[in-house]
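Shown below: target35.cif, with mmCIF, C-alpha atoms.
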```cif
data_target
loop_
_atom_site.label_atom_id
_atom_site.label_comp_id
_atom_site.auth_asym_id
_atom_site.auth_seq_id
_atom_site.Cartn_x
_atom_site.Cartn_y
_atom_site.Cartn_z
CA MET P 7 -10.44 18.03 -9.81
CA PHE P 8 -13.26 16.65 -7.65
CA ASN P 9 -15.27 15.66 -10.74
CA ASN P 10 -12.82 12.82 -11.22
CA SER P 11 -13.61 9.77 -9.07
CA ILE P 12 -9.93 8.79 -8.82
CA ASN P 13 -9.11 12.22 -7.39
CA ARG P 14 -11.94 11.91 -4.86
CA ILE P 15 -10.65 8.49 -3.80
CA TRP P 16 -7.14 9.90 -3.40
CA ILE P 17 -8.48 12.67 -1.14
CA ALA P 18 -10.48 10.09 0.86
CA LEU P 19 -7.34 7.95 1.25
CA LEU P 20 -5.40 10.98 2.54
CA ILE P 21 -8.16 11.86 5.01
CA ALA P 22 -8.30 8.26 6.27
CA THR P 23 -4.50 8.33 6.68
CA GLY P 24 -4.79 11.59 8.63
CA MET P 25 -7.38 10.01 10.93
CA THR P 26 -5.14 6.98 11.54
CA PHE P 27 -2.21 9.30 12.30
CA TRP P 28 -4.39 11.31 14.70
CA LEU P 29 -5.42 8.13 16.53
CA GLY P 30 -1.74 7.37 17.11
CA GLU P 31 -0.65 10.92 17.88
CA SER P 32 -3.48 11.61 20.33
CA GLY P 33 -2.61 8.53 22.35
CA LEU P 34 -6.17 7.21 21.96
CA SER P 35 -4.72 4.04 20.48
CA GLY P 36 -3.62 2.24 23.61
CA SER P 37 -5.73 4.14 26.14
CA ALA P 38 -9.32 3.79 25.00
CA GLY P 39 -9.77 0.03 24.67
CA MET P 40 -10.85 -1.69 21.48
CA THR P 41 -12.66 1.23 19.81
CA PRO P 42 -9.62 3.08 18.35
CA VAL P 43 -8.15 -0.19 17.04
CA LEU P 44 -11.47 -1.19 15.47
CA LEU P 45 -11.71 2.26 13.88
CA MET P 46 -8.09 2.13 12.71
CA PHE P 47 -8.46 -1.22 10.96
CA THR P 48 -11.88 -0.32 9.56
CA LEU P 49 -10.13 2.67 8.00
CA ALA P 50 -7.31 0.39 6.76
CA ALA P 51 -9.88 -2.00 5.25
CA ALA P 52 -11.74 0.89 3.57
CA LYS P 53 -8.45 2.22 2.16
CA GLY P 54 -7.51 -1.26 0.98
CA LEU P 55 -10.88 -1.69 -0.76
CA TRP P 56 -10.41 1.60 -2.63
CA VAL P 57 -6.95 0.52 -3.75
CA ILE P 58 -8.18 -2.94 -4.81
CA TYR P 59 -11.32 -1.79 -6.62
CA ASP P 60 -10.30 1.56 -8.07
CA PHE P 61 -6.49 1.74 -8.25
CA MET P 62 -5.89 -1.92 -9.15
CA GLU P 63 -9.07 -1.77 -11.29
CA LEU P 64 -10.48 -5.01 -9.95
CA ARG P 65 -14.02 -3.57 -9.77
CA HIS P 66 -14.63 -5.01 -13.26
CA ALA P 67 -12.34 -8.03 -12.93
CA PRO P 68 -13.49 -11.66 -12.69
CA ALA P 69 -15.25 -12.34 -9.38
CA LEU P 70 -12.61 -14.88 -8.27
CA TRP P 71 -9.85 -12.25 -8.23
CA LYS P 72 -12.02 -9.75 -6.39
CA ARG P 73 -12.89 -12.39 -3.79
CA LEU P 74 -9.23 -13.39 -3.36
CA LEU P 75 -7.95 -9.87 -2.72
CA VAL P 76 -10.93 -8.58 -0.74
CA GLY P 77 -10.95 -11.86 1.22
CA TRP P 78 -7.25 -11.43 2.03
CA LEU P 79 -7.85 -7.89 3.24
CA GLY P 80 -10.86 -8.84 5.38
CA PHE P 81 -9.15 -11.89 6.87
CA VAL P 82 -5.88 -10.10 7.71
CA THR P 83 -7.49 -6.99 9.25
CA GLY P 84 -10.03 -9.13 11.14
CA MET P 85 -7.34 -11.40 12.57
CA ILE P 86 -5.19 -8.42 13.59
CA VAL P 87 -8.15 -7.01 15.57
CA LEU P 88 -8.70 -10.46 17.12
CA ALA P 89 -5.02 -10.64 18.13
CA TYR P 90 -5.26 -7.17 19.66
CA TRP P 91 -8.35 -8.24 21.63
CA ILE P 92 -6.48 -11.32 22.92
CA GLY P 93 -3.60 -9.06 24.02
CA GLN P 94 -6.02 -6.82 25.93
CA ARG P 95 -7.50 -9.67 27.99
CA MET X 27 -6.33 10.58 -29.53
CA ASN X 28 -9.29 8.55 -28.38
CA PRO X 29 -11.13 10.56 -25.67
CA ASN X 30 -13.15 7.56 -24.56
CA ALA X 31 -10.23 5.25 -24.01
CA ASP X 32 -9.11 6.51 -20.60
CA THR X 33 -11.54 4.48 -18.56
CA PHE X 34 -11.42 0.78 -17.97
CA PRO X 35 -13.49 -0.91 -20.69
CA GLN X 36 -16.56 -1.59 -18.55
CA SER X 37 -18.76 -2.71 -21.39
CA TYR X 38 -16.60 -5.74 -22.07
CA ALA X 39 -16.59 -9.02 -20.18
CA PRO X 40 -14.77 -8.99 -16.82
CA ARG X 41 -11.05 -8.58 -17.40
CA LEU X 42 -7.99 -8.74 -15.18
CA PRO X 43 -5.79 -5.71 -15.99
CA GLY X 44 -2.19 -6.62 -16.82
CA ASP X 45 -0.54 -10.01 -16.99
CA LEU X 46 -1.90 -13.05 -15.16
CA ALA X 47 1.65 -13.85 -13.96
CA VAL X 48 1.90 -10.61 -11.98
CA TRP X 49 -1.43 -11.37 -10.29
CA LEU X 50 -0.14 -14.79 -9.26
CA ILE X 51 2.98 -13.06 -7.87
CA ILE X 52 0.73 -10.55 -6.07
CA LEU X 53 -1.22 -13.41 -4.48
CA ALA X 54 2.01 -15.05 -3.29
CA GLU X 55 3.25 -11.73 -1.88
CA LEU X 56 -0.04 -11.04 -0.11
CA LEU X 57 0.06 -14.51 1.40
CA THR X 58 3.65 -14.05 2.60
CA PHE X 59 3.01 -10.61 4.08
CA GLY X 60 -0.29 -11.82 5.53
CA ILE X 61 1.57 -14.52 7.47
CA LEU X 62 4.11 -11.94 8.68
CA PHE X 63 1.37 -9.47 9.69
CA LEU X 64 -0.50 -12.11 11.69
CA SER X 65 2.72 -13.46 13.23
CA TYR X 66 3.50 -9.91 14.40
CA ALA X 67 -0.04 -9.37 15.73
CA PHE X 68 -0.15 -12.63 17.70
CA ALA X 69 3.44 -12.28 18.97
CA ARG X 70 2.46 -8.82 20.21
CA ALA X 71 -0.57 -10.30 22.03
CA HIS X 72 1.86 -12.38 24.12
CA ASP X 73 4.18 -9.47 25.00
CA VAL X 74 2.19 -6.25 24.73
CA GLU X 75 4.47 -4.24 27.04
CA LEU X 76 7.63 -4.96 25.05
CA PHE X 77 5.93 -4.22 21.72
CA ASN X 78 4.42 -0.96 22.99
CA ALA X 79 7.71 0.19 24.52
CA CYS X 80 9.68 -0.50 21.34
CA GLN X 81 6.97 0.88 19.09
CA SER X 82 7.21 4.21 20.90
CA THR X 83 10.77 4.54 19.48
CA LEU X 84 9.37 4.60 15.93
CA ASP X 85 8.71 7.89 14.17
CA LEU X 86 4.94 8.13 13.60
CA ASN X 87 5.37 11.30 11.48
CA SER X 88 7.74 9.50 9.13
CA GLY X 89 5.34 6.53 8.89
CA ALA X 90 2.42 8.83 8.04
CA ILE X 91 4.43 10.79 5.45
CA ASN X 92 5.48 7.49 3.86
CA THR X 93 1.81 6.46 3.68
CA VAL X 94 0.95 9.73 1.93
CA LEU X 95 3.87 9.23 -0.50
CA LEU X 96 2.80 5.68 -1.45
CA ILE X 97 -0.90 6.58 -1.79
CA THR X 98 0.00 9.61 -3.92
CA GLY X 99 2.40 7.50 -5.99
CA SER X 100 -0.42 5.04 -6.65
CA TRP X 101 -2.76 7.86 -7.61
CA CYS X 102 -0.13 9.13 -10.10
CA VAL X 103 0.23 5.64 -11.61
CA VAL X 104 -3.55 5.38 -12.09
CA HIS X 105 -3.50 8.71 -13.95
CA ALA X 106 -0.50 7.58 -16.01
CA VAL X 107 -2.33 4.43 -17.18
CA LYS X 108 -5.47 6.44 -18.00
CA ALA X 109 -3.43 9.02 -19.94
CA VAL X 110 -1.66 6.36 -22.01
CA ARG X 111 -4.98 4.61 -22.70
CA ARG X 112 -6.16 7.78 -24.46
CA ASP X 113 -2.81 8.12 -26.28
CA ALA X 114 -1.67 11.09 -24.18
CA SER X 115 1.77 9.50 -23.70
CA SER X 116 3.63 12.69 -22.76
CA LEU X 117 1.11 13.29 -19.97
CA GLY X 118 1.48 9.64 -18.96
CA VAL X 119 5.25 10.12 -18.72
CA ARG X 120 4.77 13.13 -16.42
CA TRP X 121 2.48 11.12 -14.13
CA LEU X 122 5.03 8.28 -14.06
CA VAL X 123 7.80 10.73 -13.15
CA ALA X 124 5.59 12.09 -10.34
CA ALA X 125 5.00 8.52 -9.09
CA MET X 126 8.76 7.88 -9.11
CA VAL X 127 9.39 11.09 -7.15
CA CYS X 128 6.94 9.77 -4.51
CA GLY X 129 8.71 6.40 -4.50
CA ALA X 130 12.11 8.09 -4.17
CA GLY X 131 10.77 10.11 -1.24
CA PHE X 132 9.61 6.91 0.44
CA ILE X 133 13.01 5.24 -0.11
CA SER X 134 14.88 8.30 1.25
CA LEU X 135 12.75 8.55 4.41
CA LYS X 136 12.90 4.83 5.02
CA SER X 137 16.68 4.78 4.50
CA MET X 138 17.06 7.50 7.15
CA GLU X 139 14.84 5.51 9.51
CA PHE X 140 16.88 2.32 8.99
CA SER X 141 20.12 4.25 9.36
CA ALA X 142 18.97 5.72 12.70
CA LYS X 143 18.02 2.26 13.94
CA MET X 144 21.39 0.82 12.87
CA ASP X 145 23.19 3.70 14.63
CA ALA X 146 21.25 2.85 17.78
CA GLY X 147 22.61 -0.70 17.52
CA ILE X 148 19.26 -2.24 16.64
CA ASP X 149 19.26 -5.38 14.54
CA LEU X 150 17.25 -8.57 14.05
CA SER X 151 18.56 -10.06 17.30
CA THR X 152 17.69 -7.08 19.54
CA ASN X 153 14.26 -8.42 20.51
CA THR X 154 11.06 -9.89 19.03
CA PHE X 155 9.56 -6.49 18.19
CA TYR X 156 12.59 -5.29 16.25
CA MET X 157 12.94 -8.65 14.51
CA PHE X 158 9.39 -8.28 13.13
CA TYR X 159 9.80 -4.55 12.52
CA LEU X 160 12.94 -5.09 10.45
CA LEU X 161 11.58 -8.17 8.65
CA LEU X 162 8.36 -6.42 7.66
CA THR X 163 9.72 -2.99 6.79
CA VAL X 164 12.94 -4.11 5.05
CA PHE X 165 11.03 -6.75 3.04
CA HIS X 166 8.48 -4.11 2.05
CA PHE X 167 11.27 -1.62 1.27
CA LEU X 168 12.82 -4.12 -1.15
CA HIS X 169 9.45 -4.44 -2.90
CA VAL X 170 9.29 -0.65 -3.31
CA ILE X 171 12.72 -0.75 -4.96
CA VAL X 172 11.58 -3.51 -7.35
CA ALA X 173 8.42 -1.51 -8.14
CA MET X 174 10.59 1.56 -8.83
CA VAL X 175 12.69 -0.46 -11.31
CA PHE X 176 9.45 -1.54 -13.07
CA LEU X 177 8.26 2.08 -13.19
CA ALA X 178 11.60 3.26 -14.60
CA ILE X 179 11.41 0.67 -17.40
CA LEU X 180 7.77 1.59 -18.11
CA LEU X 181 8.69 5.28 -18.12
CA VAL X 182 11.38 4.77 -20.78
CA LYS X 183 9.11 2.57 -22.91
CA THR X 184 6.24 5.06 -22.61
CA GLN X 185 8.60 7.86 -23.67
CA GLN X 186 9.54 5.76 -26.69
CA GLY X 187 5.86 5.46 -27.61
CA ALA X 188 5.65 1.71 -27.00
CA TYR X 189 2.28 2.01 -25.25
CA GLY X 190 -0.96 3.66 -26.21
CA SER X 191 -4.64 2.89 -26.73
CA HIS X 192 -3.49 -0.12 -28.79
CA ASP X 193 -1.47 -1.64 -25.93
CA THR X 194 -1.34 -0.90 -22.19
CA HIS X 195 -0.74 -4.48 -21.07
CA ALA X 196 2.79 -3.97 -19.66
CA LEU X 197 1.83 -0.66 -18.08
CA GLU X 198 -1.14 -2.28 -16.32
CA THR X 199 1.13 -5.11 -15.17
CA GLY X 200 3.66 -2.74 -13.59
CA ALA X 201 0.84 -0.62 -12.13
CA ALA X 202 -0.72 -3.67 -10.42
CA PHE X 203 2.61 -4.45 -8.71
CA TRP X 204 3.01 -0.84 -7.59
CA HIS X 205 -0.53 -0.78 -6.13
CA MET X 206 0.21 -4.03 -4.25
CA VAL X 207 3.14 -2.30 -2.52
CA ASP X 208 0.72 0.48 -1.53
CA LEU X 209 -1.91 -2.01 -0.31
CA LEU X 210 0.64 -3.78 1.91
CA TRP X 211 1.77 -0.50 3.49
CA ILE X 212 -1.87 0.45 4.19
CA VAL X 213 -2.04 -2.56 6.58
CA LEU X 214 1.57 -2.29 7.79
CA PHE X 215 1.36 1.37 8.90
CA PRO X 216 -1.41 1.04 11.53
CA LEU X 217 -0.16 -2.39 12.60
CA VAL X 218 3.48 -1.52 13.27
CA TYR X 219 3.45 2.27 13.79
CA VAL X 220 0.10 3.11 15.38
CA MET X 221 -1.60 0.17 17.16
CA ARG X 222 -0.91 0.27 20.93
#
```
Represent the structure contained in this file as C-alpha cells.
Amino acid sequence: MFNNSINRIWIALLIATGMTFWLGESGLSGSAGMTPVLLMFTLAAAKGLWVIYDFMELRHAPALWKRLLVGWLGFVTGMIVLAYWIGQR
Amino acid sequence: MNPNADTFPQSYAPRLPGDLAVWLIILAELLTFGILFLSYAFARAHDVELFNACQSTLDLNSGAINTVLLITGSWCVVHAVKAVRRDASSLGVRWLVAAMVCGAGFISLKSMEFSAKMDAGIDLSTNTFYMFYLLLTVFHFLHVIVAMVFLAILLVKTQQGAYGSHDTHALETGAAFWHMVDLLWIVLFPLVYVMR
C-alpha cells in the first residue's frame, strides 16, 4: 500500500488533518498567539498543494494552470493569516 | 489491459486533465470562495470575540470527520481514474462507489449539523458569524451535491464500458470538479472550525 505515492499522499493528508484537529481540540489555537495559526495554514497549504499536484494531476499540466491554482492557494492562506494577525493586534 | 496506462502520461507535452470548460468553472469557483474566505477572515478581525464565541458552538469532531470523508473520497476518485486508464473498469466502478459513500457520509453529517442549527433558531440574520458560516458551508454543501451527481453519471457510464484507456476525458473532468470541492474544504475547515 505504501509503495503507491497516491496512498502515501492520502496518509499524509489524514495526518495533517489530525494535526489541525489537535490544534483546535487542545485549545492551542486561540491561546498561543500566531504560531498555531501559522502552523494550521501551513498544513492547509501543504494539503492543498498535494491535492492540486497529485489528485488534480496538475504536476504535469501547463505552467499557467499550476500558477493559477497554486497562486490562489498561497494568496488565500497568506491573506487569512494576515487577517488573523490584524485581529490579534 | 494496458498495465502502463494507469499513470498520467508524463512523457507527453504538458496536458490539462479533463475538459478546459471545467477548469474555467473551477477558476470561477475558487475566485468566488476566495472572496468569501477573505471576507470571513477580515470580518472576524473586526469582531474576534463574537466570532470565537459563535465558533465554539460548532462541532469540531464533525468538521474533522467531514475533512477525512472528502479527502478519502478524493483518494478513491484518483484510484478510479487510474483503474479505468488501465482498462480495469470494474475496479474503477468500485472506487467510484467508495467515493460516493464518502460523499454521502459528508452530506449526512452536514445535514445533521444544519438541522441542529435550524432547530436552535440560527439563520442568516442571527449575526455576522452565522451569516458567513451558513453562506460558506451551505454553498460548499451544494457543490458536494453537484459533484455527487457528476460521480453518479460517471459511475453508470463506467459500468457501461464507456471509458477506458481509449477515453478518460469525461472521467478526468468529473474528477477535477470533485477534487476542487475537496480543496475548498481544506481551507474552509481550519478557517471556520478551528482558527481562534
Sorted by chain and rising residue number, which residues of chain X lie within 7 Å of chain P, and what are their closest atom pairs and distances in Å to one decimal, counting only C-alpha atoms, as a tab-separated table?
```
residue	atom	partner	partner_atom	distance
X:Gln36	CA	P:His66	CA	6.6
X:Pro40	CA	P:Ala67	CA	4.7
X:Arg41	CA	P:Ala67	CA	4.7
X:Leu42	CA	P:Ala67	CA	4.9
X:Pro43	CA	P:Glu63	CA	7.0
X:Gly60	CA	P:Val82	CA	6.2
X:Leu64	CA	P:Ile86	CA	6.3
X:Ala67	CA	P:Ile86	CA	5.7
X:Phe68	CA	P:Ala89	CA	5.3
X:Ala71	CA	P:Gly93	CA	3.8
X:His72	CA	P:Gly93	CA	6.4
X:Val74	CA	P:Gly93	CA	6.5
X:Ala90	CA	P:Phe27	CA	6.3
X:Val94	CA	P:Leu20	CA	6.5
X:Trp101	CA	P:Trp16	CA	6.4
X:Val104	CA	P:Phe61	CA	6.1
X:Ala202	CA	P:Met62	CA	5.6
X:His205	CA	P:Met62	CA	6.3
X:Leu209	CA	P:Gly54	CA	5.8
X:Ile212	CA	P:Ala50	CA	6.0
X:Val213	CA	P:Ala50	CA	6.0
X:Pro216	CA	P:Met46	CA	6.9
X:Val220	CA	P:Gly30	CA	5.0
X:Met221	CA	P:Ser35	CA	6.0
X:Arg222	CA	P:Gly36	CA	4.3
```
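Closest approach to Ile179 of chain X from the set X:Met138, X:Val119, X:Leu162, X:Leu150 is made by X:Val119, with distances taken over only C-alpha atoms.
Interatomic distance, atom CA of Lys143 of chain X to atom CA of Leu84 of chain X: 9.2 Å.
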How far is it from atom CA of Leu214 of chain X to atom CA of Thr93 of chain X, in Å with one decimal?
9.7 Å
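For the pair atom CA of Leu197 of chain X and atom CA of Val107 of chain X, the separation is 6.6 Å.
Of the listed residues X:Ala125, X:Leu86, X:Val164, X:Ala146, the one whose atoms come nearest to His105 of chain X is X:Ala125, with distances taken using only C-alpha atoms.
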For this file, the PyMOL selection byres ((chain X and resi 172) around 12) selects which residues, as a JSON list (two decimals) with C-alpha atoms, in the frame of the given file?
```json
[["chain", "number", "residue", "atom", "x", "y", "z"],
["X", 126, "MET", "CA", 8.76, 7.88, -9.11],
["X", 129, "GLY", "CA", 8.71, 6.40, -4.50],
["X", 133, "ILE", "CA", 13.01, 5.24, -0.11],
["X", 165, "PHE", "CA", 11.03, -6.75, 3.04],
["X", 166, "HIS", "CA", 8.48, -4.11, 2.05],
["X", 167, "PHE", "CA", 11.27, -1.62, 1.27],
["X", 168, "LEU", "CA", 12.82, -4.12, -1.15],
["X", 169, "HIS", "CA", 9.45, -4.44, -2.90],
["X", 170, "VAL", "CA", 9.29, -0.65, -3.31],
["X", 171, "ILE", "CA", 12.72, -0.75, -4.96],
["X", 173, "ALA", "CA", 8.42, -1.51, -8.14],
["X", 174, "MET", "CA", 10.59, 1.56, -8.83],
["X", 175, "VAL", "CA", 12.69, -0.46, -11.31],
["X", 176, "PHE", "CA", 9.45, -1.54, -13.07],
["X", 177, "LEU", "CA", 8.26, 2.08, -13.19],
["X", 178, "ALA", "CA", 11.60, 3.26, -14.60],
["X", 179, "ILE", "CA", 11.41, 0.67, -17.40],
["X", 200, "GLY", "CA", 3.66, -2.74, -13.59],
["X", 203, "PHE", "CA", 2.61, -4.45, -8.71],
["X", 204, "TRP", "CA", 3.01, -0.84, -7.59],
["X", 206, "MET", "CA", 0.21, -4.03, -4.25],
["X", 207, "VAL", "CA", 3.14, -2.30, -2.52]]
```
Set up a box along x, y and z of the file covering all listed atoms of segment 63-69 of chain P, add 4 Å on every one of the six sides, and write the centre and edge lengths in Å to one decimal, as AutoDock Vina command-line options.
```
--center_x -12.2 --center_y -7.1 --center_z -11.3 --size_x 14.2 --size_y 18.6 --size_z 11.9
```
Residue nearest Asp193 of chain X - candidates X:Cys102, X:Leu62, X:Ile97, X:Arg111, atoms counted: only C-alpha atoms
X:Arg111
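Proximity ranking of X:Lys108, X:His192, X:Arg70, X:Lys183 relative to Leu217 of chain X places X:Arg70 first, based on only C-alpha atoms.
If all atoms listed in the file are the atoms counted, then among X:Ser116, X:Thr98, X:Leu57, X:Gln185 the closest residue to Ala18 of chain P is X:Thr98.
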Return as a VMD selection string the set of residues that the PyMOL selection byres ((chain X and resi 153) around 12) yields on the displayed structure.
chain X and resid 69 to 70 73 76 to 77 79 to 81 147 to 152 154 to 160
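In this comparison, which uses all atoms listed in the file, the residue of X:Ile61, X:Val182, X:Asn92, X:Asp208 approaching Arg120 of chain X most closely is X:Val182.
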Residues within 7 Å of Val110 of chain X, all atoms listed in the file, excluding chain neighbours under 5 positions, as a PyMOL selection string
chain X and resi 115+118+189-191
Keeping just C-alpha atoms, export segment 27-76 of chain P of this structure as a PDB file, in the first residue's frame.
```pdb
ATOM      1  CA  PHE P  27      -7.913  18.870  14.637  1.00  0.00           C
ATOM      2  CA  TRP P  28      -5.490  18.539  17.571  1.00  0.00           C
ATOM      3  CA  LEU P  29      -4.618  22.248  17.352  1.00  0.00           C
ATOM      4  CA  GLY P  30      -8.319  23.056  17.708  1.00  0.00           C
ATOM      5  CA  GLU P  31      -9.114  20.422  20.328  1.00  0.00           C
ATOM      6  CA  SER P  32      -6.143  21.258  22.549  1.00  0.00           C
ATOM      7  CA  GLY P  33      -7.148  24.905  22.687  1.00  0.00           C
ATOM      8  CA  LEU P  34      -3.719  25.952  21.390  1.00  0.00           C
ATOM      9  CA  SER P  35      -5.448  27.777  18.571  1.00  0.00           C
ATOM     10  CA  GLY P  36      -6.548  30.930  20.340  1.00  0.00           C
ATOM     11  CA  SER P  37      -4.204  30.754  23.323  1.00  0.00           C
ATOM     12  CA  ALA P  38      -0.693  30.587  21.911  1.00  0.00           C
ATOM     13  CA  GLY P  39      -0.530  33.606  19.606  1.00  0.00           C
ATOM     14  CA  MET P  40       0.282  33.394  15.921  1.00  0.00           C
ATOM     15  CA  THR P  41       2.230  30.106  15.922  1.00  0.00           C
ATOM     16  CA  PRO P  42      -0.725  27.644  15.897  1.00  0.00           C
ATOM     17  CA  VAL P  43      -2.477  29.645  13.169  1.00  0.00           C
ATOM     18  CA  LEU P  44       0.687  29.781  11.070  1.00  0.00           C
ATOM     19  CA  LEU P  45       1.110  26.027  11.537  1.00  0.00           C
ATOM     20  CA  MET P  46      -2.549  25.375  10.748  1.00  0.00           C
ATOM     21  CA  PHE P  47      -2.496  27.281   7.463  1.00  0.00           C
ATOM     22  CA  THR P  48       0.922  25.905   6.511  1.00  0.00           C
ATOM     23  CA  LEU P  49      -0.679  22.477   6.903  1.00  0.00           C
ATOM     24  CA  ALA P  50      -3.701  23.636   4.860  1.00  0.00           C
ATOM     25  CA  ALA P  51      -1.373  24.944   2.123  1.00  0.00           C
ATOM     26  CA  ALA P  52       0.615  21.678   2.100  1.00  0.00           C
ATOM     27  CA  LYS P  53      -2.625  19.671   1.864  1.00  0.00           C
ATOM     28  CA  GLY P  54      -3.863  21.941  -0.913  1.00  0.00           C
ATOM     29  CA  LEU P  55      -0.604  21.506  -2.857  1.00  0.00           C
ATOM     30  CA  TRP P  56      -0.910  17.718  -2.658  1.00  0.00           C
ATOM     31  CA  VAL P  57      -4.482  17.898  -3.921  1.00  0.00           C
ATOM     32  CA  ILE P  58      -3.549  20.297  -6.743  1.00  0.00           C
ATOM     33  CA  TYR P  59      -0.418  18.483  -7.895  1.00  0.00           C
ATOM     34  CA  ASP P  60      -1.249  14.837  -7.258  1.00  0.00           C
ATOM     35  CA  PHE P  61      -5.041  14.442  -7.042  1.00  0.00           C
ATOM     36  CA  MET P  62      -5.940  17.023  -9.699  1.00  0.00           C
ATOM     37  CA  GLU P  63      -2.852  15.879 -11.654  1.00  0.00           C
ATOM     38  CA  LEU P  64      -1.618  19.386 -12.356  1.00  0.00           C
ATOM     39  CA  ARG P  65       2.017  18.401 -11.694  1.00  0.00           C
ATOM     40  CA  HIS P  66       2.377  17.786 -15.451  1.00  0.00           C
ATOM     41  CA  ALA P  67      -0.110  20.421 -16.611  1.00  0.00           C
ATOM     42  CA  PRO P  68       0.787  23.659 -18.418  1.00  0.00           C
ATOM     43  CA  ALA P  69       2.624  26.073 -16.111  1.00  0.00           C
ATOM     44  CA  LEU P  70      -0.137  28.701 -16.331  1.00  0.00           C
ATOM     45  CA  TRP P  71      -2.697  26.395 -14.692  1.00  0.00           C
ATOM     46  CA  LYS P  72      -0.286  25.352 -11.977  1.00  0.00           C
ATOM     47  CA  ARG P  73       0.498  29.002 -11.246  1.00  0.00           C
ATOM     48  CA  LEU P  74      -3.202  29.935 -11.145  1.00  0.00           C
ATOM     49  CA  LEU P  75      -4.192  27.252  -8.644  1.00  0.00           C
ATOM     50  CA  VAL P  76      -1.054  27.346  -6.502  1.00  0.00           C
TER      51      VAL P  76
END
```
